[in-house]
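Raw input_34.cif, mmCIF, C-alpha atoms:
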```cif
data_model
#
loop_
_atom_site.label_atom_id
_atom_site.label_comp_id
_atom_site.auth_asym_id
_atom_site.auth_seq_id
_atom_site.Cartn_x
_atom_site.Cartn_y
_atom_site.Cartn_z
CA MET A 1 13.17 -15.02 -19.68
CA SER A 2 12.81 -12.45 -22.45
CA SER A 3 13.07 -8.74 -21.82
CA LYS A 4 9.37 -8.34 -22.57
CA SER A 5 7.26 -7.92 -19.47
CA GLU A 6 4.99 -10.81 -18.57
CA PRO A 7 1.82 -9.99 -16.62
CA ILE A 8 0.78 -12.80 -14.32
CA SER A 9 -2.47 -12.95 -12.41
CA GLU A 10 -3.43 -15.38 -9.66
CA GLN A 11 -7.09 -15.52 -8.68
CA VAL A 12 -7.82 -17.52 -5.53
CA PRO A 13 -10.84 -18.07 -3.22
CA ARG A 14 -11.58 -15.43 -0.61
CA ALA A 15 -9.93 -16.21 2.72
CA SER A 16 -12.06 -17.08 5.72
CA ALA A 17 -11.93 -15.28 9.05
CA HIS A 18 -9.72 -18.06 10.39
CA ASP A 19 -7.02 -17.66 7.75
CA ALA A 20 -3.67 -15.93 8.34
CA PRO A 21 -4.02 -12.13 8.68
CA TRP A 22 -2.26 -11.45 5.40
CA GLY A 23 -4.79 -13.66 3.63
CA ARG A 24 -7.39 -10.91 3.96
CA GLN A 25 -5.59 -8.53 1.60
CA ASN A 26 -7.23 -7.20 -1.57
CA LEU A 27 -5.59 -7.62 -4.97
CA LEU A 28 -1.82 -7.28 -4.55
CA GLN A 29 0.02 -5.73 -7.50
CA ILE A 30 3.70 -6.77 -7.61
CA LEU A 31 6.47 -5.61 -9.93
CA PHE A 32 9.20 -8.25 -10.30
CA VAL A 33 12.68 -7.09 -11.34
CA HIS A 34 13.95 -10.57 -12.05
CA ARG A 35 15.48 -12.71 -14.78
CA SER A 36 14.31 -16.15 -13.62
CA ALA A 37 10.77 -17.23 -14.51
CA ALA A 38 11.20 -20.20 -12.17
CA ASP A 39 12.00 -17.98 -9.16
CA VAL A 40 9.08 -15.68 -9.97
CA GLU A 41 6.75 -18.68 -10.07
CA ARG A 42 8.13 -19.91 -6.72
CA CYS A 43 7.34 -16.52 -5.18
CA LEU A 44 3.81 -16.57 -6.57
CA HIS A 45 3.36 -20.12 -5.33
CA GLU A 46 4.36 -19.16 -1.76
CA LEU A 47 2.01 -16.15 -1.79
CA ARG A 48 -0.80 -18.25 -3.28
CA LYS A 49 -0.41 -20.79 -0.45
CA VAL A 50 -1.42 -18.12 2.10
CA ARG A 51 -4.23 -16.88 -0.15
CA PHE A 52 -2.82 -13.70 -1.56
CA THR A 53 -4.54 -12.61 -4.75
CA VAL A 54 -1.70 -11.43 -6.98
CA SER A 55 -1.42 -9.45 -10.19
CA SER A 56 2.22 -9.19 -11.28
CA ASP A 57 4.46 -7.78 -13.96
CA VAL A 58 8.03 -8.86 -14.72
CA ILE A 59 10.75 -6.58 -16.08
CA LEU A 60 14.53 -6.81 -16.39
CA THR A 61 16.23 -3.41 -16.63
CA LEU A 62 16.18 -0.12 -14.75
CA GLU A 63 14.83 1.59 -17.87
CA GLN A 64 11.87 -0.79 -17.92
CA PHE A 65 11.51 -0.30 -14.15
CA ALA A 66 11.20 3.49 -14.45
CA GLU A 67 8.82 3.26 -17.41
CA ARG A 68 6.55 0.77 -15.64
CA LEU A 69 6.35 2.88 -12.46
CA ARG A 70 5.32 5.90 -14.53
CA SER A 71 2.51 4.02 -16.25
CA GLN A 72 1.18 1.65 -13.56
CA LEU A 73 0.55 1.44 -9.82
CA PHE A 74 2.30 -1.24 -7.77
CA GLU A 75 2.06 -2.03 -4.06
CA LEU A 76 5.24 -4.12 -3.81
CA ILE A 77 8.53 -4.61 -5.65
CA LEU A 78 10.42 -7.91 -5.56
CA ALA A 79 13.93 -7.48 -6.98
CA GLU A 80 16.65 -9.99 -7.77
CA TYR A 81 20.13 -9.42 -6.36
CA PRO A 82 22.77 -9.57 -7.72
CA ASN A 83 21.58 -8.40 -11.12
CA PRO A 84 23.93 -7.53 -14.04
CA ASP A 85 21.65 -4.70 -15.18
CA TRP A 86 22.03 -2.58 -12.03
CA GLN A 87 24.51 -2.22 -9.20
CA GLU A 88 23.69 -2.53 -5.49
CA THR A 89 21.38 0.34 -4.46
CA GLN A 90 20.70 1.81 -7.92
CA LEU A 91 17.13 0.51 -7.86
CA LEU A 92 16.45 2.10 -4.46
CA ASP A 93 18.08 5.35 -5.58
CA LEU A 94 15.88 5.49 -8.66
CA LEU A 95 12.77 4.80 -6.58
CA HIS A 96 13.76 7.66 -4.25
CA GLU A 97 14.35 10.01 -7.18
CA MET A 98 10.88 9.21 -8.52
CA LYS A 99 9.46 9.90 -5.03
CA ARG A 100 7.64 6.56 -4.90
CA ASP A 101 7.04 4.99 -1.49
CA ILE A 102 6.74 1.35 -2.53
CA PRO A 103 8.13 -1.44 -0.30
CA VAL A 104 11.09 -3.24 -1.91
CA ILE A 105 12.04 -6.80 -0.95
CA PHE A 106 15.27 -8.15 -2.40
CA LEU A 107 15.49 -11.82 -3.37
CA VAL A 108 19.14 -12.57 -2.69
CA ARG A 109 21.56 -15.37 -3.47
CA ASP A 110 24.70 -15.79 -1.35
CA LEU A 111 23.53 -13.20 1.16
CA LYS A 112 26.27 -10.80 2.34
CA ARG A 113 25.51 -8.96 5.54
CA GLU A 114 27.24 -5.78 4.47
CA ILE A 115 24.98 -5.62 1.41
CA VAL A 116 21.91 -6.18 3.59
CA ALA A 117 23.03 -3.33 5.86
CA GLU A 118 23.44 -1.01 2.88
CA PHE A 119 20.02 -1.97 1.48
CA ILE A 120 18.30 -1.33 4.82
CA LEU A 121 20.03 2.03 5.27
CA LYS A 122 18.77 2.99 1.81
CA GLY A 123 15.18 2.05 2.70
CA ALA A 124 14.66 -1.57 1.59
CA ALA A 125 11.81 -3.35 3.40
CA ASP A 126 13.54 -6.73 3.64
CA CYS A 127 16.02 -9.18 2.11
CA ILE A 128 15.05 -12.84 1.59
CA GLU A 129 17.39 -15.59 0.50
CA VAL A 130 16.07 -17.48 -2.51
CA GLU A 131 16.75 -20.74 -0.65
CA SER A 132 14.42 -19.51 2.13
CA ILE A 133 11.61 -18.28 -0.11
CA GLY A 134 9.08 -19.75 2.33
CA HIS A 135 9.69 -16.66 4.49
CA LEU A 136 8.40 -14.40 1.71
CA PRO A 137 4.70 -14.21 2.77
CA VAL A 138 5.63 -13.03 6.29
CA ALA A 139 8.05 -10.44 4.87
CA VAL A 140 5.40 -9.23 2.41
CA HIS A 141 2.80 -8.91 5.15
CA ARG A 142 5.20 -6.95 7.36
CA ALA A 143 6.23 -4.63 4.52
CA LEU A 144 2.61 -3.90 3.58
CA ALA A 145 1.67 -3.32 7.24
CA GLU A 146 4.53 -0.84 7.67
CA LYS A 147 3.51 0.95 4.47
CA SER A 148 -0.11 1.13 5.65
CA LEU A 149 0.97 2.67 8.96
CA ARG A 150 3.17 5.21 7.18
CA ASP A 151 0.26 6.17 4.94
CA GLN A 152 -2.05 6.59 7.94
CA ARG A 153 0.53 8.76 9.68
CA ASP A 154 1.04 10.92 6.60
CA ARG A 155 -2.70 11.40 6.15
CA ALA A 156 -3.04 12.36 9.80
CA GLU A 157 -0.20 14.89 9.49
CA LYS A 158 -1.76 16.47 6.40
CA GLU A 159 -5.10 16.82 8.15
CA LEU A 160 -3.43 18.70 10.99
CA ARG A 161 -1.79 21.36 8.81
CA ARG A 162 -3.83 24.50 8.77
CA SER A 163 -3.53 27.98 7.42
CA GLU A 164 -4.49 31.18 9.23
CA ALA A 165 -7.54 31.51 7.01
CA ARG A 166 -8.72 28.05 8.00
CA TYR A 167 -8.08 28.82 11.68
CA ARG A 168 -11.09 31.12 11.96
CA ALA A 169 -13.36 28.59 10.30
CA LEU A 170 -12.69 25.98 12.99
CA ALA A 171 -14.79 27.51 15.75
CA GLY A 172 -17.80 25.42 14.78
CA ASN A 173 -15.76 22.42 13.69
CA LEU A 174 -16.65 19.16 15.44
CA SER A 175 -13.08 17.79 15.26
CA TYR A 176 -11.06 20.61 16.84
CA GLY A 177 -11.52 22.04 20.30
CA ILE A 178 -11.61 25.85 20.30
CA CYS A 179 -11.43 28.03 23.37
CA ARG A 180 -11.09 31.71 24.19
CA CYS A 181 -9.01 32.53 27.28
CA SER A 182 -8.68 35.64 29.39
CA LEU A 183 -5.30 37.28 29.84
CA ASP A 184 -4.77 35.28 33.03
CA GLY A 185 -5.64 31.96 31.32
CA ARG A 186 -9.25 31.37 32.41
CA PHE A 187 -11.65 29.86 29.87
CA LEU A 188 -14.11 32.44 28.60
CA GLU A 189 -15.71 30.39 25.82
CA VAL A 190 -15.39 26.83 24.47
CA ASN A 191 -16.97 25.01 21.53
CA GLU A 192 -18.81 21.69 21.63
CA ALA A 193 -15.79 19.77 20.29
CA MET A 194 -13.71 20.91 23.28
CA ILE A 195 -16.43 19.79 25.71
CA ARG A 196 -16.68 16.38 24.05
CA MET A 197 -12.88 15.98 23.75
CA LEU A 198 -12.43 16.46 27.49
CA GLY A 199 -15.43 14.30 28.42
CA TYR A 200 -17.54 16.91 30.23
CA GLY A 201 -21.29 17.09 30.19
CA SER A 202 -21.72 20.84 29.88
CA LYS A 203 -19.95 24.06 28.94
CA GLU A 204 -20.32 25.33 32.52
CA GLU A 205 -18.25 22.45 33.93
CA LEU A 206 -15.42 23.12 31.50
CA LEU A 207 -15.44 26.90 31.98
CA ALA A 208 -14.75 26.33 35.66
CA LEU A 209 -11.42 24.62 34.85
CA GLU A 210 -8.06 26.30 34.39
CA LEU A 211 -6.41 24.02 31.85
CA ALA A 212 -4.72 26.86 29.97
CA ARG A 213 -3.69 28.96 32.97
CA ASP A 214 -0.19 27.46 33.37
CA ILE A 215 0.58 28.09 29.69
CA ILE A 216 -0.81 31.61 29.50
CA GLN A 217 0.74 32.84 32.75
CA ASP A 218 4.22 31.50 31.95
CA PRO A 219 5.94 34.00 29.58
CA ASP A 220 8.15 31.39 27.92
CA ARG A 221 5.36 28.88 27.32
CA ARG A 222 3.01 31.64 26.19
CA ALA A 223 5.62 32.81 23.68
CA LYS A 224 5.97 29.25 22.33
CA LEU A 225 2.20 29.04 21.89
CA LEU A 226 1.53 32.51 20.50
CA GLY A 227 4.87 33.83 19.29
CA GLN A 228 6.17 37.25 20.18
CA THR A 229 3.66 40.12 20.13
CA GLY A 230 3.66 41.85 16.76
CA ALA A 231 5.73 39.12 15.08
CA VAL A 232 4.51 37.90 11.69
CA ALA A 233 6.44 34.61 11.55
CA LEU A 234 4.44 31.38 11.85
CA VAL A 235 4.69 29.59 15.20
CA ASP A 236 4.94 25.82 15.50
CA PRO A 237 2.18 24.23 17.64
CA ILE A 238 3.16 22.90 21.05
CA GLU A 239 2.22 19.51 22.48
CA ILE A 240 1.12 18.92 26.07
CA GLU A 241 -0.97 16.44 28.06
CA TRP A 242 -4.43 17.21 29.43
CA LYS A 243 -6.65 15.10 31.68
CA ARG A 244 -10.19 14.22 30.71
CA LYS A 245 -12.96 14.22 33.30
CA ASP A 246 -12.53 10.42 33.59
CA HIS A 247 -8.78 11.01 34.33
CA ALA A 248 -7.67 9.50 31.01
CA THR A 249 -4.63 11.27 29.53
CA LEU A 250 -4.95 13.11 26.21
CA LYS A 251 -2.04 14.25 24.10
CA VAL A 252 -3.09 17.56 22.57
CA ARG A 253 -1.46 19.89 20.09
CA LEU A 254 -2.13 23.55 20.81
CA SER A 255 -1.84 26.56 18.55
CA GLY A 256 -3.12 30.04 19.31
CA ARG A 257 -3.33 33.72 18.52
CA GLU A 258 -3.89 37.02 20.27
CA VAL A 259 -7.32 38.68 20.11
CA LEU A 260 -7.21 42.45 19.90
CA SER A 261 -9.94 44.95 20.71
CA GLU A 262 -11.23 47.54 18.28
CA HIS A 263 -8.60 49.92 19.65
CA GLY A 264 -5.77 47.44 19.05
CA GLU A 265 -5.40 46.45 22.70
CA LEU A 266 -4.86 42.85 23.72
CA GLU A 267 -8.05 41.51 25.31
CA ALA A 268 -7.96 37.68 25.03
CA TYR A 269 -6.34 34.61 23.47
CA GLU A 270 -7.85 32.02 21.14
CA VAL A 271 -6.46 28.49 21.27
CA ILE A 272 -7.08 25.45 19.06
CA ALA A 273 -6.68 22.05 20.75
CA GLU A 274 -6.19 18.97 18.58
CA ASP A 275 -6.41 15.50 20.11
CA ILE A 276 -3.35 13.70 18.73
CA THR A 277 -3.42 10.74 21.13
CA LYS A 278 -4.19 8.17 18.42
CA GLN A 279 -1.66 9.72 16.07
CA ARG A 280 1.11 9.37 18.65
CA GLU A 281 0.02 5.79 19.43
CA LEU A 282 0.15 5.04 15.71
CA GLU A 283 3.65 6.48 15.44
CA ASP A 284 4.81 4.48 18.48
CA ARG A 285 3.39 1.32 16.94
CA LEU A 286 5.11 2.08 13.65
CA ARG A 287 8.45 2.60 15.41
CA ARG A 288 8.09 -0.67 17.32
CA LEU A 289 7.11 -2.56 14.20
CA ALA A 290 9.99 -1.13 12.20
CA ALA A 291 12.60 -1.78 14.90
CA SER A 292 11.72 -5.18 16.41
CA ASP A 293 11.81 -8.82 15.35
CA SER A 294 8.30 -10.29 15.43
CA LEU A 295 9.36 -13.71 16.82
CA THR A 296 11.87 -12.85 19.54
CA GLY A 297 11.00 -9.24 20.36
CA LEU A 298 14.66 -8.25 19.95
CA ALA A 299 15.81 -5.43 17.71
CA ASN A 300 15.72 -6.45 14.05
CA TYR A 301 18.59 -5.99 11.61
CA ARG A 302 17.21 -2.65 10.49
CA HIS A 303 17.45 -1.31 14.04
CA LEU A 304 20.82 -3.03 14.47
CA VAL A 305 22.22 -1.10 11.51
CA ASP A 306 20.89 2.17 13.02
CA VAL A 307 22.54 1.38 16.37
CA LEU A 308 25.86 0.56 14.71
CA ASN A 309 25.70 3.80 12.77
CA SER A 310 25.04 5.76 15.99
CA GLU A 311 27.84 3.97 17.86
CA ILE A 312 30.35 4.75 15.12
CA LYS A 313 29.44 8.44 15.28
CA ARG A 314 29.63 8.44 19.09
CA SER A 315 32.99 6.66 19.07
CA LYS A 316 34.40 9.19 16.64
CA ARG A 317 33.42 11.95 19.09
CA THR A 318 34.66 10.22 22.25
CA ASN A 319 37.56 8.12 20.89
CA ARG A 320 36.12 5.12 22.75
CA GLU A 321 35.86 1.70 21.14
CA PHE A 322 32.84 -0.57 21.06
CA ALA A 323 32.35 -4.23 20.23
CA MET A 324 29.88 -6.27 18.24
CA LEU A 325 29.19 -9.96 18.85
CA PHE A 326 27.79 -12.25 16.18
CA PHE A 327 26.06 -15.48 17.22
CA ASP A 328 24.87 -18.45 15.19
CA LEU A 329 22.57 -21.08 16.71
CA ASP A 330 24.25 -24.38 15.88
CA GLY A 331 22.17 -27.08 14.23
CA LEU A 332 18.84 -25.26 13.89
CA LYS A 333 17.95 -27.28 10.79
CA ARG A 334 18.60 -30.50 12.71
CA ILE A 335 16.34 -29.28 15.54
CA ASN A 336 13.59 -28.40 13.05
CA ASP A 337 13.87 -31.77 11.29
CA ARG A 338 13.93 -33.79 14.50
CA HIS A 339 11.57 -31.84 16.76
CA GLY A 340 9.52 -29.66 14.45
CA HIS A 341 9.54 -25.97 13.58
CA MET A 342 7.67 -25.00 16.76
CA ILE A 343 10.56 -26.29 18.88
CA GLY A 344 12.97 -24.59 16.47
CA SER A 345 11.21 -21.26 17.01
CA GLN A 346 11.31 -21.82 20.76
CA ALA A 347 15.07 -22.44 20.48
CA LEU A 348 15.49 -19.04 18.84
CA CYS A 349 13.48 -17.46 21.64
CA ARG A 350 15.59 -19.25 24.26
CA LEU A 351 18.72 -17.73 22.76
CA ALA A 352 17.02 -14.33 22.67
CA ASP A 353 16.15 -14.63 26.37
CA VAL A 354 19.78 -15.42 27.22
CA LEU A 355 21.02 -12.43 25.22
CA CYS A 356 18.67 -10.14 27.13
CA SER A 357 19.63 -11.54 30.53
CA CYS A 358 23.36 -11.26 29.83
CA CYS A 359 23.24 -7.71 28.45
CA ARG A 360 23.44 -4.34 30.15
CA ASP A 361 20.76 -1.72 29.65
CA LEU A 362 22.99 0.16 27.22
CA ASP A 363 23.68 -2.93 25.07
CA THR A 364 21.56 -3.82 22.03
CA PRO A 365 20.76 -7.49 21.38
CA ALA A 366 19.29 -8.10 17.93
CA ARG A 367 18.16 -10.88 15.65
CA PHE A 368 20.03 -10.42 12.40
CA GLY A 369 17.93 -12.98 10.57
CA GLY A 370 17.27 -16.73 10.55
CA ASP A 371 19.46 -18.35 13.21
CA GLU A 372 21.88 -15.40 13.45
CA PHE A 373 21.94 -12.87 16.28
CA ALA A 374 24.09 -9.89 17.21
CA VAL A 375 24.86 -7.81 20.29
CA VAL A 376 26.30 -4.27 20.24
CA LEU A 377 28.41 -3.55 23.34
CA PRO A 378 29.23 0.17 23.78
CA GLU A 379 32.54 1.07 25.43
CA THR A 380 33.76 -2.54 25.34
CA ASP A 381 37.19 -3.84 24.24
CA ALA A 382 38.02 -7.18 22.65
CA GLU A 383 38.88 -8.96 25.91
CA GLU A 384 35.66 -7.88 27.63
CA ALA A 385 33.65 -8.78 24.52
CA HIS A 386 35.05 -12.33 24.49
CA LEU A 387 34.14 -12.74 28.17
CA VAL A 388 30.56 -11.65 27.44
CA ALA A 389 30.37 -14.03 24.48
CA GLN A 390 31.67 -16.95 26.57
CA ARG A 391 29.13 -16.17 29.30
CA ILE A 392 26.33 -16.20 26.73
CA CYS A 393 27.52 -19.51 25.27
CA GLU A 394 27.58 -21.11 28.73
CA SER A 395 24.14 -19.73 29.62
CA VAL A 396 22.64 -21.07 26.39
CA ALA A 397 24.15 -24.51 26.94
CA ASN A 398 22.92 -24.65 30.54
CA ASP A 399 19.46 -23.06 30.39
CA GLY A 400 17.90 -26.29 31.68
CA LYS A 401 15.59 -26.76 28.69
CA GLY A 402 15.56 -29.20 25.83
CA PRO A 403 16.81 -29.86 23.29
CA LYS A 404 20.29 -28.78 24.40
CA LEU A 405 21.58 -25.79 22.44
CA SER A 406 24.95 -24.44 21.49
CA VAL A 407 26.06 -21.30 19.70
CA SER A 408 29.12 -20.14 17.80
CA PHE A 409 30.26 -16.54 17.97
CA GLY A 410 32.48 -13.97 16.33
CA VAL A 411 33.76 -10.66 17.70
CA ALA A 412 34.54 -7.38 15.94
CA VAL A 413 35.79 -4.23 17.71
CA TYR A 414 35.61 -0.68 16.39
CA PRO A 415 37.86 0.79 15.09
CA GLN A 416 40.62 -1.83 14.99
CA ASN A 417 38.54 -4.43 13.10
CA GLY A 418 36.88 -1.93 10.82
CA GLU A 419 35.65 1.65 10.64
CA THR A 420 32.44 1.03 8.69
CA ILE A 421 29.32 -1.02 9.37
CA GLU A 422 30.06 -3.24 6.40
CA ARG A 423 33.60 -3.96 7.56
CA LEU A 424 32.53 -4.73 11.14
CA LEU A 425 29.83 -7.11 9.92
CA SER A 426 32.29 -8.83 7.63
CA GLN A 427 34.92 -9.23 10.35
CA ALA A 428 32.46 -10.57 12.92
CA ASP A 429 31.05 -12.97 10.33
CA SER A 430 34.52 -14.25 9.42
CA ALA A 431 35.37 -14.81 13.08
CA LEU A 432 32.11 -16.68 13.63
CA TYR A 433 32.60 -19.05 10.73
CA SER A 434 36.22 -19.61 11.70
CA MET A 435 34.93 -20.82 15.08
CA LYS A 436 32.30 -23.04 13.42
CA GLY A 437 34.99 -24.51 11.15
CA GLN A 438 37.19 -25.35 14.11
CA ARG A 439 34.26 -27.07 15.81
CA ILE A 440 33.50 -29.15 12.73
CA VAL A 441 37.12 -30.27 12.49
CA ALA A 442 37.11 -31.20 16.19
CA VAL A 443 33.92 -33.24 15.84
CA GLU A 444 35.23 -35.06 12.78
CA SER A 445 38.46 -35.85 14.61
CA ARG A 446 36.55 -37.33 17.56
CA GLN A 447 34.39 -39.40 15.20
CA THR A 448 37.48 -40.70 13.39
CA ALA A 449 39.15 -41.59 16.67
CA SER A 450 36.10 -43.45 17.98
CA GLY A 451 35.78 -45.32 14.68
CA GLN A 452 39.34 -46.59 14.99
#
```
Could you write out this structure as structure tokens?
Amino acid sequence: MSSKSEPISEQVPRASAHDAPWGRQNLLQILFVHRSAADVERCLHELRKVRFTVSSDVILTLEQFAERLRSQLFELILAEYPNPDWQETQLLDLLHEMKRDIPVIFLVRDLKREIVAEFILKGAADCIEVESIGHLPVAVHRALAEKSLRDQRDRAEKELRRSEARYRALAGNLSYGICRCSLDGRFLEVNEAMIRMLGYGSKEELLALELARDIIQDPDRRAKLLGQTGAVALVDPIEIEWKRKDHATLKVRLSGREVLSEHGELEAYEVIAEDITKQRELEDRLRRLAASDSLTGLANYRHLVDVLNSEIKRSKRTNREFAMLFFDLDGLKRINDRHGHMIGSQALCRLADVLCSCCRDLDTPARFGGDEFAVVLPETDAEEAHLVAQRICESVANDGKGPKLSVSFGVAVYPQNGETIERLLSQADSALYSMKGQRIVAVESRQTASGQ
């Protein structure tokens, strides 16, 4: 492929209501940072199969990357790794410097887990092996969904920022509840938005309530809401829960100010109430989406990296070791070929169920990717970790379902097997494949013996 960019456009029929959810996207603009025209075409082919409509551009160097981002808008970046024109996280660093929130999916050959961990810590959306390019549409859909949720959250946060000048203009606003309270916390006046927010039929019903009394009468909570009398510093809003008339729970953000008389004496309080229930639900959904594997419900590798990072920091404080187990489901390709991909997916879920049942509440089972899983075991030494791994292997082999499954495992313990995430991942991976190699040799020996 030449260094000149090559725009590619794929126009496809509009998806029906019964198509996959990602098939209902509008035009998707992708920037490829890739040297292979064949790999780019494979990516487009996979996206075209699920009815994405794609407009793409292909560049080679970081200089071209920066120039293209300045001149055009892209919704997704697909980048080759390794690439001789940039090292490891340089592309992500440049994207951060340019303050562009664009999902990046790396197309990787000879995937190394320590590199994946570094990419995720730096903000990559996903890493897909070129040999498994069929997974690309799902990864693209997930990355775009996460980006959409982040954008919704950011818009919601911007809408909630207000200045003092805007505060006074909100009294007649239909989106924010405004109330005036007496010095003992009784409602003196409320606007229509407050009545509607709390589900009451009239102002009189709401004035009879004492929703703000506990806040106003408690000096500490009142200070958090209003700040100290005479202070000029801005006060952060507080969040509490209120009950609607129908007993549904609202999460509300409150901010307020003192109301002074003509003689400068305190006579009342004014409080703004913002319903942030949907915003918090959106944030919870975003956190779940970002931290969990969509098939098994376990933590994904992004969350796994975060947990490992936290455990290393905790262990440095407490001087206590922790262990990480790596598992590989043996023969998944054979199961898929013989029984179909549905049974293969069920096999992955069976292993996930065993990991959950064999773990403590403080442990973190995760799906690293494909047929690979991991478990973080806080305050666990090598001997205990091997016992847990053996118990998991036995439970998988004897779960009473078919086809019969087996797993290989590797163990790494902090700090003796490594003091960084990358080193722990590498050590656990080496131990796992050493075990798989020993099993292969044993099977070949049995086959040779039976043949004789």
So which residues touch A:Leu44 within 10 Å, counting all atoms listed in the file, skipping near sequence neighbours fewer than 4 positions away, as a list in words?
Ile8, Ser9, Glu10, Ile30, Ala38, Asp39, Val40, Arg48, Lys49, Phe52, Thr53, Val54, Ser55, Ser56, Leu136 and Pro137 of chain A
Please evaluate the PyMOL selection byres ((chain A and resi 248-256) around 9) against the structure above and give the resulting residues as a CSV table (one decimal) with C-alpha atoms, keeping the file's coordinate frame.
```csv
chain,number,residue,atom,x,y,z
A,197,MET,CA,-12.9,16.0,23.8
A,198,LEU,CA,-12.4,16.5,27.5
A,225,LEU,CA,2.2,29.0,21.9
A,226,LEU,CA,1.5,32.5,20.5
A,227,GLY,CA,4.9,33.8,19.3
A,235,VAL,CA,4.7,29.6,15.2
A,236,ASP,CA,4.9,25.8,15.5
A,237,PRO,CA,2.2,24.2,17.6
A,238,ILE,CA,3.2,22.9,21.0
A,239,GLU,CA,2.2,19.5,22.5
A,240,ILE,CA,1.1,18.9,26.1
A,241,GLU,CA,-1.0,16.4,28.1
A,242,TRP,CA,-4.4,17.2,29.4
A,243,LYS,CA,-6.6,15.1,31.7
A,244,ARG,CA,-10.2,14.2,30.7
A,245,LYS,CA,-13.0,14.2,33.3
A,246,ASP,CA,-12.5,10.4,33.6
A,247,HIS,CA,-8.8,11.0,34.3
A,257,ARG,CA,-3.3,33.7,18.5
A,258,GLU,CA,-3.9,37.0,20.3
A,269,TYR,CA,-6.3,34.6,23.5
A,270,GLU,CA,-7.8,32.0,21.1
A,271,VAL,CA,-6.5,28.5,21.3
A,272,ILE,CA,-7.1,25.4,19.1
A,273,ALA,CA,-6.7,22.0,20.8
A,274,GLU,CA,-6.2,19.0,18.6
A,275,ASP,CA,-6.4,15.5,20.1
A,276,ILE,CA,-3.4,13.7,18.7
A,277,THR,CA,-3.4,10.7,21.1
A,278,LYS,CA,-4.2,8.2,18.4
A,280,ARG,CA,1.1,9.4,18.6
```
At a cut-off of 10 Å, using only C-alpha atoms, what residues contact stretch 288-297 of chain A? Leave out same-chain residues fewer than 4 positions from it and give the result as a PyMOL selection string.
chain A and resi 125+138+142-143+145-146+149+282-284+301-304+306+345-346+348-353+365-369
Which of A:Glu311, A:Glu394, A:Ala347, A:Cys356 sits closest to A:Pro378 [using all atoms listed in the file]:
A:Glu311
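Proximity ranking of A:Gln87, A:Leu107, A:Ala385, A:Val50 relative to A:Ser36 places A:Leu107 first, based on only C-alpha atoms.
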Would you kindly return, as JSON, numbers by chain, each protein, DNA or RNA residue with an atom no farther than 12 Å from any atom of A:Glu67, considering all atoms listed in the file and excluding same-chain residues fewer than 3 positions away?
{"A": [5, 31, 59, 60, 61, 62, 63, 64, 70, 71, 72, 73, 94, 95, 98]}
